[in-house]
Each structure stands twice: as structure tokens, then as C-alpha cells.
>>> print(open('upload-v9.pdb').read())   # PDB, C-alpha atoms
ATOM      1  CA  MET A   4     101.899 -85.981  54.873
ATOM      2  CA  THR A   5     100.320 -87.678  51.889
ATOM      3  CA  ARG A   6     100.673 -86.145  48.469
ATOM      4  CA  GLY A   7      97.954 -84.729  46.263
ATOM      5  CA  PRO A   8      94.557 -83.183  46.958
ATOM      6  CA  LYS A   9      92.318 -84.470  49.719
ATOM      7  CA  LYS A  10      89.672 -86.903  48.499
ATOM      8  CA  HIS A  11      87.573 -87.070  51.668
ATOM      9  CA  MET A  12      85.409 -84.587  53.539
ATOM     10  CA  LYS A  13      83.928 -84.800  57.018
ATOM     11  CA  ARG A  14      80.181 -84.358  57.286
ATOM     12  CA  LEU A  15      80.494 -81.297  59.539
ATOM     13  CA  ALA A  16      82.724 -79.596  56.944
ATOM     14  CA  ALA A  17      80.142 -79.997  54.160
ATOM     15  CA  PRO A  18      78.441 -76.801  52.921
ATOM     16  CA  LYS A  19      75.315 -75.902  54.908
ATOM     17  CA  HIS A  20      73.201 -75.554  51.770
ATOM     18  CA  TRP A  21      73.658 -79.288  51.115
ATOM     19  CA  MET A  22      71.337 -79.751  54.127
ATOM     20  CA  MET A  23      72.968 -82.975  55.335
ATOM     21  CA  ASP A  24      72.123 -84.229  58.816
ATOM     22  CA  LYS A  25      75.220 -84.624  60.971
ATOM     23  CA  LEU A  26      74.278 -87.872  62.750
ATOM     24  CA  SER A  27      73.928 -90.167  59.709
ATOM     25  CA  GLY A  28      77.647 -90.816  59.357
ATOM     26  CA  VAL A  29      81.130 -89.360  59.673
ATOM     27  CA  TYR A  30      81.908 -88.503  56.058
ATOM     28  CA  ALA A  31      80.133 -86.653  53.244
ATOM     29  CA  PRO A  32      80.549 -87.129  49.469
ATOM     30  CA  LYS A  33      83.187 -84.760  48.101
ATOM     31  CA  CYS A  34      82.695 -83.344  44.599
ATOM     32  CA  LYS A  35      85.159 -84.433  41.952
ATOM     33  CA  PRO A  36      86.919 -81.662  39.991
ATOM     34  CA  GLY A  37      84.544 -80.527  37.267
ATOM     35  CA  ALA A  38      82.588 -77.680  35.750
ATOM     36  CA  HIS A  39      81.751 -76.035  39.099
ATOM     37  CA  LYS A  40      83.600 -75.335  42.327
ATOM     38  CA  GLY A  41      83.080 -77.958  45.000
ATOM     39  CA  ARG A  42      81.304 -75.635  47.451
ATOM     40  CA  GLU A  43      79.114 -74.141  44.724
ATOM     41  CA  ALA A  44      77.817 -77.489  43.472
ATOM     42  CA  LEU A  45      75.863 -80.533  44.596
ATOM     43  CA  PRO A  46      77.269 -84.060  44.114
ATOM     44  CA  LEU A  47      75.067 -86.255  41.941
ATOM     45  CA  ILE A  48      74.694 -88.771  44.772
ATOM     46  CA  LEU A  49      73.005 -86.183  47.003
ATOM     47  CA  ILE A  50      70.479 -85.379  44.277
ATOM     48  CA  LEU A  51      69.549 -89.015  43.624
ATOM     49  CA  ARG A  52      69.600 -90.174  47.249
ATOM     50  CA  ASN A  53      68.745 -87.175  49.452
ATOM     51  CA  ARG A  54      66.612 -84.987  47.180
ATOM     52  CA  LEU A  55      64.799 -87.224  44.670
ATOM     53  CA  LYS A  56      64.759 -90.292  46.989
ATOM     54  CA  TYR A  57      65.476 -92.652  44.078
ATOM     55  CA  ALA A  58      68.066 -94.490  46.190
ATOM     56  CA  LEU A  59      68.353 -95.443  49.855
ATOM     57  CA  ASN A  60      72.136 -95.717  50.035
ATOM     58  CA  ARG A  61      75.343 -95.257  48.084
ATOM     59  CA  GLY A  62      75.164 -98.727  46.494
ATOM     60  CA  GLU A  63      71.787 -98.067  44.909
ATOM     61  CA  THR A  64      72.990 -94.667  43.686
ATOM     62  CA  MET A  65      75.967 -96.355  42.024
ATOM     63  CA  MET A  66      73.616 -98.793  40.258
ATOM     64  CA  ILE A  67      71.513 -95.921  38.885
ATOM     65  CA  ALA A  68      74.543 -93.925  37.736
ATOM     66  CA  LYS A  69      76.509 -96.818  36.226
ATOM     67  CA  GLN A  70      73.498 -97.895  34.150
ATOM     68  CA  ARG A  71      73.766 -94.491  32.397
ATOM     69  CA  PHE A  72      70.307 -93.347  33.474
ATOM     70  CA  VAL A  73      71.342 -89.813  34.514
ATOM     71  CA  GLN A  74      72.198 -86.923  32.203
ATOM     72  CA  VAL A  75      73.524 -83.446  33.004
ATOM     73  CA  ASP A  76      73.069 -80.952  30.161
ATOM     74  CA  ASN A  77      72.050 -83.890  27.931
ATOM     75  CA  ARG A  78      75.344 -85.730  28.559
ATOM     76  CA  VAL A  79      75.434 -89.043  30.430
ATOM     77  CA  ARG A  80      77.245 -88.801  33.773
ATOM     78  CA  THR A  81      78.165 -92.028  35.539
ATOM     79  CA  ASP A  82      80.250 -90.590  38.401
ATOM     80  CA  PRO A  83      78.084 -90.248  41.556
ATOM     81  CA  LYS A  84      80.368 -87.439  42.758
ATOM     82  CA  TYR A  85      80.033 -85.370  39.584
ATOM     83  CA  PRO A  86      79.388 -81.702  40.557
ATOM     84  CA  VAL A  87      75.990 -80.378  39.473
ATOM     85  CA  GLY A  88      75.845 -76.603  39.798
ATOM     86  CA  PHE A  89      73.732 -73.509  39.240
ATOM     87  CA  MET A  90      71.672 -73.518  36.007
ATOM     88  CA  ASP A  91      72.637 -77.115  35.096
ATOM     89  CA  ILE A  92      69.828 -79.176  33.545
ATOM     90  CA  LEU A  93      69.496 -82.616  35.124
ATOM     91  CA  SER A  94      67.421 -85.181  33.235
ATOM     92  CA  ILE A  95      66.480 -88.825  33.805
ATOM     93  CA  PRO A  96      64.842 -90.114  30.583
ATOM     94  CA  LYS A  97      63.706 -93.361  32.255
ATOM     95  CA  THR A  98      61.393 -91.462  34.623
ATOM     96  CA  GLN A  99      60.864 -88.486  32.272
ATOM     97  CA  ASP A 100      62.219 -86.131  34.958
ATOM     98  CA  ARG A 101      63.896 -82.883  33.970
ATOM     99  CA  PHE A 102      65.107 -80.268  36.439
ATOM    100  CA  ARG A 103      67.029 -77.009  36.415
ATOM    101  CA  VAL A 104      69.306 -76.513  39.425
ATOM    102  CA  MET A 105      68.627 -73.119  41.012
ATOM    103  CA  TYR A 106      68.715 -71.318  44.363
ATOM    104  CA  ASP A 107      65.784 -70.595  46.667
ATOM    105  CA  VAL A 108      65.596 -67.311  48.598
ATOM    106  CA  LYS A 109      67.596 -68.813  51.481
ATOM    107  CA  GLY A 110      70.526 -69.775  49.262
ATOM    108  CA  ARG A 111      69.792 -73.509  49.095
ATOM    109  CA  PHE A 112      69.809 -75.572  45.911
ATOM    110  CA  VAL A 113      66.377 -76.458  44.524
ATOM    111  CA  LEU A 114      65.460 -78.704  41.597
ATOM    112  CA  HIS A 115      62.965 -76.733  39.530
ATOM    113  CA  PRO A 116      61.080 -78.661  36.793
ATOM    114  CA  CYS A 117      61.791 -77.451  33.264
ATOM    115  CA  SER A 118      61.083 -78.632  29.742
ATOM    116  CA  GLU A 119      63.321 -76.648  27.368
ATOM    117  CA  ASP A 120      66.864 -77.391  26.194
ATOM    118  CA  LEU A 121      68.041 -73.804  26.713
ATOM    119  CA  LYS A 122      70.527 -72.933  29.434
ATOM    120  CA  LEU A 123      71.778 -69.599  30.779
ATOM    121  CA  CYS A 124      75.529 -69.178  31.260
ATOM    122  CA  LYS A 125      77.402 -66.239  32.748
ATOM    123  CA  VAL A 126      80.449 -65.056  30.798
ATOM    124  CA  THR A 127      83.461 -65.091  33.123
ATOM    125  CA  GLN A 128      86.242 -64.247  30.650
ATOM    126  CA  CYS A 129      86.695 -62.898  27.128
ATOM    127  CA  TYR A 130      90.048 -63.212  25.373
ATOM    128  CA  THR A 131      91.746 -63.793  22.039
ATOM    129  CA  ALA A 132      93.130 -67.309  21.548
ATOM    130  CA  ASN A 133      95.692 -68.545  19.040
ATOM    131  CA  ASN A 134      95.312 -67.276  15.473
ATOM    132  CA  ASN A 135      93.328 -64.279  16.783
ATOM    133  CA  VAL A 136      90.226 -66.359  17.532
ATOM    134  CA  PRO A 137      87.783 -64.455  19.824
ATOM    135  CA  THR A 138      86.923 -66.795  22.680
ATOM    136  CA  LEU A 139      84.842 -66.659  25.843
ATOM    137  CA  THR A 140      84.491 -68.914  28.886
ATOM    138  CA  THR A 141      81.397 -69.375  31.045
ATOM    139  CA  HIS A 142      80.665 -70.108  34.701
ATOM    140  CA  ASP A 143      80.115 -73.820  33.968
ATOM    141  CA  GLY A 144      83.504 -74.355  32.277
ATOM    142  CA  ARG A 145      82.443 -74.008  28.641
ATOM    143  CA  THR A 146      84.766 -72.482  26.055
ATOM    144  CA  ILE A 147      83.015 -70.939  23.051
ATOM    145  CA  ARG A 148      84.951 -69.722  19.996
ATOM    146  CA  TYR A 149      83.887 -67.062  17.505
ATOM    147  CA  ALA A 150      81.247 -65.601  19.819
ATOM    148  CA  GLU A 151      79.314 -62.395  19.188
ATOM    149  CA  PRO A 152      81.759 -59.444  19.480
ATOM    150  CA  LEU A 153      79.263 -57.472  21.592
ATOM    151  CA  ILE A 154      79.366 -60.049  24.402
ATOM    152  CA  SER A 155      81.634 -59.063  27.292
ATOM    153  CA  LYS A 156      82.530 -60.274  30.774
ATOM    154  CA  GLY A 157      79.547 -60.328  33.161
ATOM    155  CA  ASP A 158      76.931 -60.748  30.426
ATOM    156  CA  THR A 159      74.640 -63.768  30.191
ATOM    157  CA  ILE A 160      74.345 -65.976  27.121
ATOM    158  CA  GLN A 161      71.533 -68.400  26.332
ATOM    159  CA  ILE A 162      72.786 -71.583  24.697
ATOM    160  CA  ASP A 163      71.197 -74.688  23.218
ATOM    161  CA  ILE A 164      72.682 -77.593  25.217
ATOM    162  CA  ASN A 165      72.287 -79.964  22.254
ATOM    163  CA  THR A 166      74.468 -77.923  19.898
ATOM    164  CA  SER A 167      76.322 -75.595  22.352
ATOM    165  CA  LYS A 168      75.390 -72.690  20.059
ATOM    166  CA  ILE A 169      74.552 -69.241  21.422
ATOM    167  CA  VAL A 170      70.858 -68.482  20.886
ATOM    168  CA  ASP A 171      70.614 -65.105  22.653
ATOM    169  CA  PHE A 172      72.556 -62.899  25.052
ATOM    170  CA  VAL A 173      71.758 -60.190  27.608
ATOM    171  CA  LYS A 174      74.144 -57.365  28.519
ATOM    172  CA  PHE A 175      74.769 -56.528  32.167
ATOM    173  CA  LYS A 176      73.687 -52.925  32.804
ATOM    174  CA  VAL A 177      71.416 -50.829  34.985
ATOM    175  CA  GLY A 178      67.791 -51.908  34.572
ATOM    176  CA  THR A 179      68.414 -55.603  33.855
ATOM    177  CA  TYR A 180      66.780 -58.337  35.955
ATOM    178  CA  VAL A 181      69.292 -60.384  37.938
ATOM    179  CA  MET A 182      69.633 -63.199  40.468
ATOM    180  CA  VAL A 183      72.232 -63.199  43.251
ATOM    181  CA  THR A 184      74.391 -66.342  43.307
ATOM    182  CA  GLY A 185      76.679 -65.650  46.276
ATOM    183  CA  GLY A 186      76.855 -63.919  49.634
ATOM    184  CA  ALA A 187      74.122 -63.274  52.199
ATOM    185  CA  ASN A 188      71.488 -62.498  49.526
ATOM    186  CA  THR A 189      71.922 -65.702  47.500
ATOM    187  CA  GLY A 190      68.751 -66.597  45.615
ATOM    188  CA  ARG A 191      67.187 -63.126  45.675
ATOM    189  CA  VAL A 192      65.968 -61.607  42.420
ATOM    190  CA  GLY A 193      65.528 -57.980  41.424
ATOM    191  CA  GLU A 194      66.366 -55.103  39.102
ATOM    192  CA  VAL A 195      69.794 -53.473  39.014
ATOM    193  CA  VAL A 196      69.470 -49.914  40.321
ATOM    194  CA  ASP A 197      73.068 -48.763  40.540
ATOM    195  CA  VAL A 198      76.641 -50.012  40.101
ATOM    196  CA  GLU A 199      79.359 -48.532  42.322
ATOM    197  CA  LYS A 200      82.850 -48.628  40.818
ATOM    198  CA  HIS A 201      85.713 -49.256  43.253
ATOM    199  CA  PRO A 202      89.031 -49.479  41.365
ATOM    200  CA  GLY A 203      91.343 -51.894  43.109
ATOM    201  CA  SER A 204      88.507 -53.385  45.132
ATOM    202  CA  PHE A 205      85.101 -55.008  44.562
ATOM    203  CA  ASP A 206      82.417 -53.229  42.539
ATOM    204  CA  ILE A 207      79.107 -53.075  44.425
ATOM    205  CA  VAL A 208      75.736 -53.575  42.720
ATOM    206  CA  HIS A 209      72.501 -52.273  44.261
ATOM    207  CA  VAL A 210      69.385 -54.321  43.468
ATOM    208  CA  LYS A 211      65.681 -53.601  44.118
ATOM    209  CA  ASP A 212      63.088 -56.394  44.182
ATOM    210  CA  THR A 213      59.374 -56.143  43.324
ATOM    211  CA  ASN A 214      58.527 -55.378  46.987
ATOM    212  CA  ASN A 215      60.749 -52.259  46.729
ATOM    213  CA  ASN A 216      63.289 -53.755  49.146
ATOM    214  CA  THR A 217      66.852 -52.853  48.190
ATOM    215  CA  PHE A 218      70.036 -54.770  48.920
ATOM    216  CA  ALA A 219      73.639 -54.685  47.762
ATOM    217  CA  THR A 220      76.159 -57.347  46.764
ATOM    218  CA  ARG A 221      79.435 -57.713  44.900
ATOM    219  CA  LYS A 222      79.313 -57.582  41.125
ATOM    220  CA  GLN A 223      80.818 -61.086  40.872
ATOM    221  CA  ASN A 224      77.707 -62.468  42.632
ATOM    222  CA  ILE A 225      75.304 -61.092  39.997
ATOM    223  CA  PHE A 226      73.775 -63.368  37.340
ATOM    224  CA  VAL A 227      71.642 -61.657  34.663
ATOM    225  CA  ILE A 228      68.405 -63.564  33.911
ATOM    226  CA  GLY A 229      66.504 -61.067  31.746
ATOM    227  CA  ARG A 230      66.503 -57.658  30.092
ATOM    228  CA  ARG A 231      63.667 -56.586  32.406
ATOM    229  CA  GLU A 232      61.172 -58.188  34.785
ATOM    230  CA  SER A 233      58.710 -58.989  31.988
ATOM    231  CA  GLU A 234      61.393 -60.662  29.836
ATOM    232  CA  VAL A 235      62.919 -63.212  32.220
ATOM    233  CA  LEU A 236      64.523 -65.993  30.164
ATOM    234  CA  ILE A 237      63.794 -68.805  32.655
ATOM    235  CA  GLU A 238      61.040 -69.830  35.031
ATOM    236  CA  LEU A 239      61.831 -68.943  38.644
ATOM    237  CA  PRO A 240      61.316 -71.263  41.653
ATOM    238  CA  LYS A 241      58.355 -71.132  44.012
ATOM    239  CA  GLN A 242      58.918 -67.809  45.819
ATOM    240  CA  LYS A 243      60.089 -66.051  42.621
ATOM    241  CA  GLY A 244      63.225 -64.829  44.382
ATOM    242  CA  LEU A 245      61.328 -62.617  46.855
ATOM    243  CA  ARG A 246      62.551 -62.865  50.428
ATOM    244  CA  MET A 247      60.086 -61.787  53.102
ATOM    245  CA  PRO A 248      61.297 -59.408  55.834
ATOM    246  CA  LEU A 249      62.071 -61.175  59.121
ATOM    247  CA  THR A 250      59.061 -59.701  60.940
ATOM    248  CA  GLN A 251      56.651 -60.770  58.204
ATOM    249  CA  ASP A 252      58.248 -64.228  58.004
ATOM    250  CA  ARG A 253      57.879 -64.640  61.784
ATOM    251  CA  GLU A 254      54.205 -63.656  61.715
ATOM    252  CA  THR A 255      53.524 -66.081  58.863
ATOM    253  CA  ARG A 256      55.211 -68.944  60.747
ATOM    254  CA  ILE A 257      53.243 -68.183  63.934
ATOM    255  CA  ALA A 258      49.957 -68.086  62.012
ATOM    256  CA  THR A 259      50.750 -71.390  60.251
ATOM    257  CA  TYR A 260      51.679 -73.062  63.560
ATOM    258  CA  ALA A 261      48.481 -71.838  65.240
ATOM    259  CA  ARG A 262      46.371 -73.042  62.308
ATOM    260  CA  ASN A 263      47.978 -76.488  62.347
ATOM    261  CA  LYS A 264      47.587 -76.757  66.132
ATOM    262  CA  ALA A 265      43.906 -75.799  65.903
ATOM    263  CA  GLY A 266      43.365 -78.456  63.227
ATOM    264  CA  LYS A 267      44.976 -81.175  65.385
ATOM    265  CA  THR A 268      42.868 -80.328  68.468
ATOM    266  CA  LYS A 269      39.753 -80.327  66.295
ATOM    267  CA  LYS A 270      40.543 -83.842  65.002
ATOM    268  CA  MET A 271      41.219 -85.168  68.526
ATOM    269  CA  SER A 272      37.895 -83.834  69.782
TER     270      SER A 272
END
>>> encode(input="upload-v9.pdb", output="C-alpha cells")
Amino acid sequence: MTRGPKKHMKRLAAPKHWMMDKLSGVYAPKCKPGAHKGREALPLILILRNRLKYALNRGETMMIAKQRFVQVDNRVRTDPKYPVGFMDILSIPKTQDRFRVMYDVKGRFVLHPCSEDLKLCKVTQCYTANNNVPTLTTHDGRTIRYAEPLISKGDTIQIDINTSKIVDFVKFKVGTYVMVTGGANTGRVGEVVDVEKHPGSFDIVHVKDTNNNTFATRKQNIFVIGRRESEVLIELPKQKGLRMPLTQDRETRIATYARNKAGKTKKMS
């Protein structure tokens, strides 16, 4: 057996939300160790080649990255396997593109256009460092010293990515507006209705969306995005985090298919 971590990944073992076709090769790009977990991030090469279509192959992606054209959170990233994760801000000054990485209602990564330099980060740990310095860490690997004493684990902070200073923060509690970042309900958005405490196990959070559909998930999958629905701190992707019921989704697909088929027959005639 060889030593050290594995540096390769087969295409069939890649996360489904990367949406890679299985017949275009044997291997898939594997994320380098970084700010996000490998299965909760998207390698930079997939964004430039598969999503934005700025490159046709790996060689062209390397040329774009090595010329320092790509920035993540306003920092130049030249590694094509750098992990870009939830809430990261990807910018390409040469083309004046700027995107926020978010989830759609089916749990897939989407690049949503944005213009501001403000980023939301979930607080994953609060502790006291050496010399009694209050410190917190966030979901994207940041360490912030001398933070607001009222901030605790599970809250969301809004930071300026140019200065890494905290601009605002939102406490996690009943009534806040949240997005689910893990599990079967990834990408859904709603208001926290109830929090079930289970000592020694996982706390369960019940969420209700604007269509009055309720669902439950683990507390660790919750990401606060606003104090209430009218005070959301970011702009949401196309479907605004609302997942249609399966029956309604099926009817919509059937109607769209019938409409497209009718249009084709009309053109042929």
C-alpha cells in the first residue's frame, strides 16, 4: 500500500451534485485540502470548464488559472483543484463576472450573480485562545479574534471579504429565516418553527416554507440567512428555495412537454 492520502478519484465516485457525465473519462478532479470539505465543494476546474464554459479541457483551465485571472473571496487562486464551497464569492475581473456559490432546491451547486463584497459565514466553534483571546471559527475555515461576545455557535456572521471584519450577525433562534445545507432537503429555505433537543444525539429543527410546507432536518444542516423573511441578507437563486411537491412538479413537466411538442408540430406543418 502506498503512503499518504489518495490524490485521485474515479468519475463514478464523484458527488452527484457535481453533475459530471460518466462516459467522458475514467477520473474526476479531486479537491485539494482547503476551506471546505471535498464532498461539500466544487473544484475550480469544474466551474471554469463545465459550468461557465470558459475552457474546453484541463489545459485551457490551467492557462486561465495560472494567469491569475480567477479570484475566490477577492483572493487570487491559481490551483485548478481549489475547493469552492457554499457562500464563496467567485470573481473574474477580466470578464467582470461575479458569482456567489449557492444551492438550488435539488441540492446542486448554482452560481448566482452578485455585486456586493459581503459574505455570510456560519459560526462552527467559539473558544478562548491563548492570553484569553475570544475566538471563533467559521464554516469556510476562517478564524476571527476578538469577535462580538454575543455571537455563539450556530449563528451567522456577515463579513466584508476585503477586510475580514464582521459587519453584522444573526442569532439562530425560532423565527429566523434559514437555508438547509445538508441532507435530503438541501437548498430549501424557510422559517424555523421549532427546535427539538436530543441530548446525546442530534437536535432536530422544524422549518416551514412560504407555501406552508414543513420539513425537518438536523441542526448542523441549518444556515441562518436572515432575521425574518423580509430581512434576508442575500439574494436567493431562481426558485427562492421553494421546492414544489412531486405531484405539482410532475404536472408542470407534463404541461411543458406538451407545449413544446405542440410548438414543434406547428413549425413542421
>>> atom_distance(input="upload-v9.pdb", atom1="atom CA of A:Lys33", atom2="atom CA of A:Met12")
5.9 Å
>>> atom_distance(input="upload-v9.pdb", atom1="atom CA of A:Ile48", atom2="atom CA of A:Lys84")
6.2 Å
>>> resolve_selection(input="upload-v9.pdb", expression="the PyMOL selection byres ((chain A and resi 146-150) around 12)", output="PyMOL selection string")
chain A and resi 38+124-145+151-155+160+162+166-172
>>> resolve_selection(input="upload-v9.pdb", expression="the PyMOL selection byres ((chain A and resi 189) around 10)", output="tab-separated table (two decimals) with C-alpha atoms, in the coordinates of the input")
chain	number	residue	atom	x	y	z
A	106	TYR	CA	68.72	-71.32	44.36
A	107	ASP	CA	65.78	-70.60	46.67
A	108	VAL	CA	65.60	-67.31	48.60
A	109	LYS	CA	67.60	-68.81	51.48
A	110	GLY	CA	70.53	-69.78	49.26
A	111	ARG	CA	69.79	-73.51	49.10
A	182	MET	CA	69.63	-63.20	40.47
A	183	VAL	CA	72.23	-63.20	43.25
A	184	THR	CA	74.39	-66.34	43.31
A	185	GLY	CA	76.68	-65.65	46.28
A	186	GLY	CA	76.86	-63.92	49.63
A	187	ALA	CA	74.12	-63.27	52.20
A	188	ASN	CA	71.49	-62.50	49.53
A	190	GLY	CA	68.75	-66.60	45.62
A	191	ARG	CA	67.19	-63.13	45.68
A	192	VAL	CA	65.97	-61.61	42.42
A	220	THR	CA	76.16	-57.35	46.76
A	224	ASN	CA	77.71	-62.47	42.63
A	225	ILE	CA	75.30	-61.09	40.00
A	244	GLY	CA	63.22	-64.83	44.38
>>> residues_near_point(input="upload-v9.pdb", point="(61.9, -75.9, 37.0)", cutoff="10 Å", atoms="all atoms listed in the file", output="PyMOL selection string")
chain A and resi 92+101-105+113-119+237-241
>>> closest_residue(input="upload-v9.pdb", among="A:Arg231, A:Arg262, A:Arg78, A:Lys10", to="A:Ala31", atoms="only C-alpha atoms")
A:Lys10
>>> residues_around(input="upload-v9.pdb", residues="A:Ile95", least_positions_apart="6", cutoff="9 Å", atoms="only C-alpha atoms", output="list of chain:residue names")
A:Phe72, A:Val73, A:Gln74, A:Val75, A:Arg101
>>> atom_distance(input="upload-v9.pdb", atom1="atom CA of A:Val227", atom2="atom CA of A:Glu43")
17.7 Å
>>> residues_around(input="upload-v9.pdb", residues="A:Arg221", least_positions_apart="5", cutoff="10 Å", atoms="all atoms listed in the file", output="ChimeraX atom specification")
/A:183,185-186,198-199,205-209
>>> closest_residue(input="upload-v9.pdb", among="A:Val195, A:Val79, A:Leu59, A:Met23", to="A:Ile228", atoms="all atoms listed in the file")
A:Val195
>>> closest_residue(input="upload-v9.pdb", among="A:Lys200, A:Asn53, A:Glu63, A:Gly41", to="A:Phe89", atoms="all atoms listed in the file")
A:Gly41
>>> resolve_selection(input="upload-v9.pdb", expression="the PyMOL selection byres ((chain A and resi 47) around 7)", output="mmCIF file with C-alpha atoms, in the frame of the given file")
data_model
loop_
_atom_site.group_PDB
_atom_site.id
_atom_site.type_symbol
_atom_site.label_atom_id
_atom_site.label_comp_id
_atom_site.auth_asym_id
_atom_site.auth_seq_id
_atom_site.Cartn_x
_atom_site.Cartn_y
_atom_site.Cartn_z
ATOM 1 C CA LEU A 45 75.863 -80.533 44.596
ATOM 2 C CA PRO A 46 77.269 -84.060 44.114
ATOM 3 C CA ILE A 48 74.694 -88.771 44.772
ATOM 4 C CA LEU A 49 73.005 -86.183 47.003
ATOM 5 C CA ILE A 50 70.479 -85.379 44.277
ATOM 6 C CA LEU A 51 69.549 -89.015 43.624
ATOM 7 C CA PRO A 83 78.084 -90.248 41.556
ATOM 8 C CA LYS A 84 80.368 -87.439 42.758
ATOM 9 C CA TYR A 85 80.033 -85.370 39.584
ATOM 10 C CA PRO A 86 79.388 -81.702 40.557
ATOM 11 C CA VAL A 87 75.990 -80.378 39.473
#
>>> closest_residue(input="upload-v9.pdb", among="A:Lys211, A:His201, A:Lys122, A:Arg230", to="A:Val173", atoms="only C-alpha atoms")
A:Arg230
>>> closest_residue(input="upload-v9.pdb", among="A:Asp120, A:Asp212, A:Asp100, A:Glu232", to="A:Ile164", atoms="all atoms listed in the file")
A:Asp120
>>> closest_residue(input="upload-v9.pdb", among="A:Glu254, A:Ser94, A:Ile67, A:Lys174", to="A:Lys156", atoms="all atoms listed in the file")
A:Lys174
>>> axis_aligned_box(input="upload-v9.pdb", around="stretch 36-53 of chain A", padding_each_side="6 Å", output="AutoDock Vina command-line options")
--center_x 77.8 --center_y -82.2 --center_z 42.6 --size_x 30.2 --size_y 28.0 --size_z 25.7
>>> residues_around(input="upload-v9.pdb", residues="A:Phe175", least_positions_apart="2", cutoff="8 Å", atoms="all atoms listed in the file", output="MDAnalysis selection string")
chainID A and resid 157:159 173 177 179 227
>>> build_atoms(input="upload-v9.pdb", residues="stretch 167-181 of chain A", atoms="N, CA and C atoms", output="CSV table (one decimal), keeping the file's coordinate frame")
chain,number,residue,atom,x,y,z
A,167,SER,N,75.4,-76.5,21.7
A,167,SER,CA,76.3,-75.6,22.4
A,167,SER,C,76.4,-74.3,21.6
A,168,LYS,N,75.4,-73.9,20.8
A,168,LYS,CA,75.4,-72.7,20.1
A,168,LYS,C,74.7,-71.6,20.9
A,169,ILE,N,75.2,-70.4,20.7
A,169,ILE,CA,74.6,-69.2,21.4
A,169,ILE,C,73.3,-68.8,20.7
A,170,VAL,N,72.2,-68.8,21.4
A,170,VAL,CA,70.9,-68.5,20.9
A,170,VAL,C,70.6,-67.0,21.1
A,171,ASP,N,70.9,-66.5,22.3
A,171,ASP,CA,70.6,-65.1,22.7
A,171,ASP,C,71.6,-64.7,23.7
A,172,PHE,N,71.7,-63.4,24.0
A,172,PHE,CA,72.6,-62.9,25.1
A,172,PHE,C,72.0,-61.6,25.6
A,173,VAL,N,72.3,-61.4,26.9
A,173,VAL,CA,71.8,-60.2,27.6
A,173,VAL,C,72.9,-59.5,28.2
A,174,LYS,N,73.1,-58.2,28.0
A,174,LYS,CA,74.1,-57.4,28.5
A,174,LYS,C,73.9,-57.0,30.0
A,175,PHE,N,74.9,-57.0,30.8
A,175,PHE,CA,74.8,-56.5,32.2
A,175,PHE,C,74.8,-55.0,32.2
A,176,LYS,N,73.8,-54.4,32.7
A,176,LYS,CA,73.7,-52.9,32.8
A,176,LYS,C,72.6,-52.6,33.8
A,177,VAL,N,72.5,-51.3,34.1
A,177,VAL,CA,71.4,-50.8,35.0
A,177,VAL,C,70.1,-51.1,34.3
A,178,GLY,N,69.1,-51.6,35.1
A,178,GLY,CA,67.8,-51.9,34.6
A,178,GLY,C,67.5,-53.4,34.3
A,179,THR,N,68.6,-54.2,34.2
A,179,THR,CA,68.4,-55.6,33.9
A,179,THR,C,67.9,-56.3,35.1
A,180,TYR,N,67.3,-57.5,34.9
A,180,TYR,CA,66.8,-58.3,36.0
A,180,TYR,C,67.8,-59.4,36.3
A,181,VAL,N,68.2,-59.5,37.6
A,181,VAL,CA,69.3,-60.4,37.9
A,181,VAL,C,68.9,-61.3,39.1
